[in-house]
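Worksheet: one structure, shown below.
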Amino acid sequence: MGRGSGGLKHRPPVDRAQLERIRADTPVTRRDYLRILVTVSAGLAAGAAGVAVGLFRRHGSGTAAPAKVADRLEPGQAVAFRYPGEDDRALAIRLPDGRLVGWSAVCTHLACAVLWREEDNQLECPCHDGVFDPVTGEVVAGPPPRPLPRVELREDARGIWAVGSDW
């Protein structure tokens, strides 16, 4: 029952007014297409360059009021907290050698959560296998393009305090 046995199906008549509207539409020329392509590409390049040099920062200036993070941390322990704002995730870590460090808990790749892995003594982003050095915040493995922003911590008799940040 193909085309040969039953003949061709009848198509509905073409509306002449519709054909005239289609013909009247100005087609996009190669020059117009290239102009659009160059304009969009330049806009994307300018936006990417702005992000790369830090013009479009999500966070504030890093001048938030001091915030208490914990009473104390034992070597190898970490605590998650919010600083400098309520939407900013951070980690305070007491390294096995006793040093106290603070980092943003937002991966610099695609903003996934960064977690402290005490058993491996490293900061990990499980989304895309990003790994950061807990001492320096530098990228050790994976796709993150930049190190983690630092959170400045101070310790006194009353506890551990977040007092500033790099972002």
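The chains in the structure tokens are called A, B, ... from first to last as shown; in each chain the residues are counted from 1, and the ligands are counted from 1 in the order shown.
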
Mind listing the alpha helix (DSSP H) residues of chain A, per DSSP on the backbone, as a PyMOL selection string? chain A and resi 3-6+16-24+30-52

Those residues with C-alpha atoms, as a JSON list (two decimals), in the first residue's frame please?
[["chain", "number", "residue", "atom", "x", "y", "z"],
["A", 3, "ARG", "CA", 2.60, 5.35, -3.30],
["A", 4, "GLY", "CA", 2.19, 3.23, -6.38],
["A", 5, "SER", "CA", -1.07, 1.53, -5.47],
["A", 6, "GLY", "CA", -3.14, 4.32, -4.03],
["A", 16, "ARG", "CA", -2.05, 32.84, -1.94],
["A", 17, "ALA", "CA", -2.15, 35.51, 0.78],
["A", 18, "GLN", "CA", 0.08, 33.39, 2.96],
["A", 19, "LEU", "CA", 2.55, 32.91, 0.09],
["A", 20, "GLU", "CA", 2.65, 36.66, -0.49],
["A", 21, "ARG", "CA", 3.41, 37.31, 3.21],
["A", 22, "ILE", "CA", 6.24, 34.75, 3.12],
["A", 23, "ARG", "CA", 7.71, 36.33, -0.02],
["A", 24, "ALA", "CA", 7.39, 39.82, 1.49],
["A", 30, "ARG", "CA", 24.86, 36.69, 5.07],
["A", 31, "ARG", "CA", 26.01, 40.15, 6.05],
["A", 32, "ASP", "CA", 23.12, 40.49, 8.56],
["A", 33, "TYR", "CA", 23.84, 37.04, 9.95],
["A", 34, "LEU", "CA", 27.54, 37.83, 10.41],
["A", 35, "ARG", "CA", 26.71, 41.17, 12.05],
["A", 36, "ILE", "CA", 24.45, 39.40, 14.56],
["A", 37, "LEU", "CA", 27.05, 36.69, 15.15],
["A", 38, "VAL", "CA", 29.86, 39.20, 15.77],
["A", 39, "THR", "CA", 27.69, 41.31, 18.11],
["A", 40, "VAL", "CA", 26.62, 38.34, 20.24],
["A", 41, "SER", "CA", 30.18, 36.93, 20.32],
["A", 42, "ALA", "CA", 31.61, 40.29, 21.40],
["A", 43, "GLY", "CA", 29.02, 40.57, 24.16],
["A", 44, "LEU", "CA", 29.80, 37.10, 25.44],
["A", 45, "ALA", "CA", 33.55, 37.77, 25.32],
["A", 46, "ALA", "CA", 33.14, 41.06, 27.19],
["A", 47, "GLY", "CA", 31.00, 39.37, 29.85],
["A", 48, "ALA", "CA", 33.48, 36.53, 30.28],
["A", 49, "ALA", "CA", 36.37, 38.99, 30.56],
["A", 50, "GLY", "CA", 34.43, 40.95, 33.19],
["A", 51, "VAL", "CA", 33.85, 37.82, 35.23],
["A", 52, "ALA", "CA", 37.50, 36.80, 34.88]]

Val106 in chain A: which residues within 8 Å, counting only C-alpha atoms, same-chain residues fewer than 4 positions away excluded, as a ChimeraX atom specification? /A:89-90,111-114,148

For the residues in the current selection, export N, CA and C atoms as a compact mmCIF listing (two decimals), in the first residue's frame.
# COMPACT_ATOMS: atom_id res chain seq x y z
N ARG A 89 28.43 30.61 52.35
CA ARG A 89 28.84 29.44 53.12
C ARG A 89 30.36 29.45 53.29
N ALA A 90 30.80 29.05 54.48
CA ALA A 90 32.23 29.04 54.78
C ALA A 90 32.56 27.86 55.70
N ALA A 111 30.05 26.56 41.81
CA ALA A 111 29.39 26.96 43.06
C ALA A 111 28.76 25.79 43.82
N CYS A 112 29.27 24.60 43.66
CA CYS A 112 28.82 23.47 44.48
C CYS A 112 29.42 23.62 45.88
N ALA A 113 28.94 22.82 46.81
CA ALA A 113 29.44 22.86 48.18
C ALA A 113 30.82 22.21 48.28
N VAL A 114 31.70 22.83 49.02
CA VAL A 114 33.02 22.27 49.31
C VAL A 114 32.95 21.66 50.71
N LEU A 148 40.17 28.76 46.53
CA LEU A 148 39.05 29.17 47.36
C LEU A 148 39.33 30.53 48.00

Shell around Pro143 in chain A at 12 Å using only C-alpha atoms, local window under 5 positions removed, as a list in words: Cys107, Thr108, His109, Leu110, Ala111, Glu124, Cys125, Pro126, Cys127, His128, Asp129, Gly130, Val131 and Phe132 of chain A

Using only C-alpha atoms, can you tell me which of A:Leu100, A:Asp15, A:Asn121, A:Arg150 comes closest to Ser165 in chain A? A:Arg150

So that I can check the surroundings of range 80-82 of chain A, please list as a ChimeraX atom specification every protein, DNA and RNA residue that reaches within 12 Å of it, counting only C-alpha atoms and ignoring chain neighbours fewer than 5 positions away. /A:64,66-70,73,87-93,102-106,113-116,151,160-162,165

Please indicate the distance in Å from CA of Gly98 in chain A to CA of Gly76 in chain A, rounded to one decimal place. 8.3 Å

Return as a PyMOL selection string the full set of residues in chain A whose backbone-based DSSP assignment is strand (DSSP E). chain A and resi 67-70+78-82+89-94+100-104+115-117+122-125+130-132+139-141+151-156+159-165
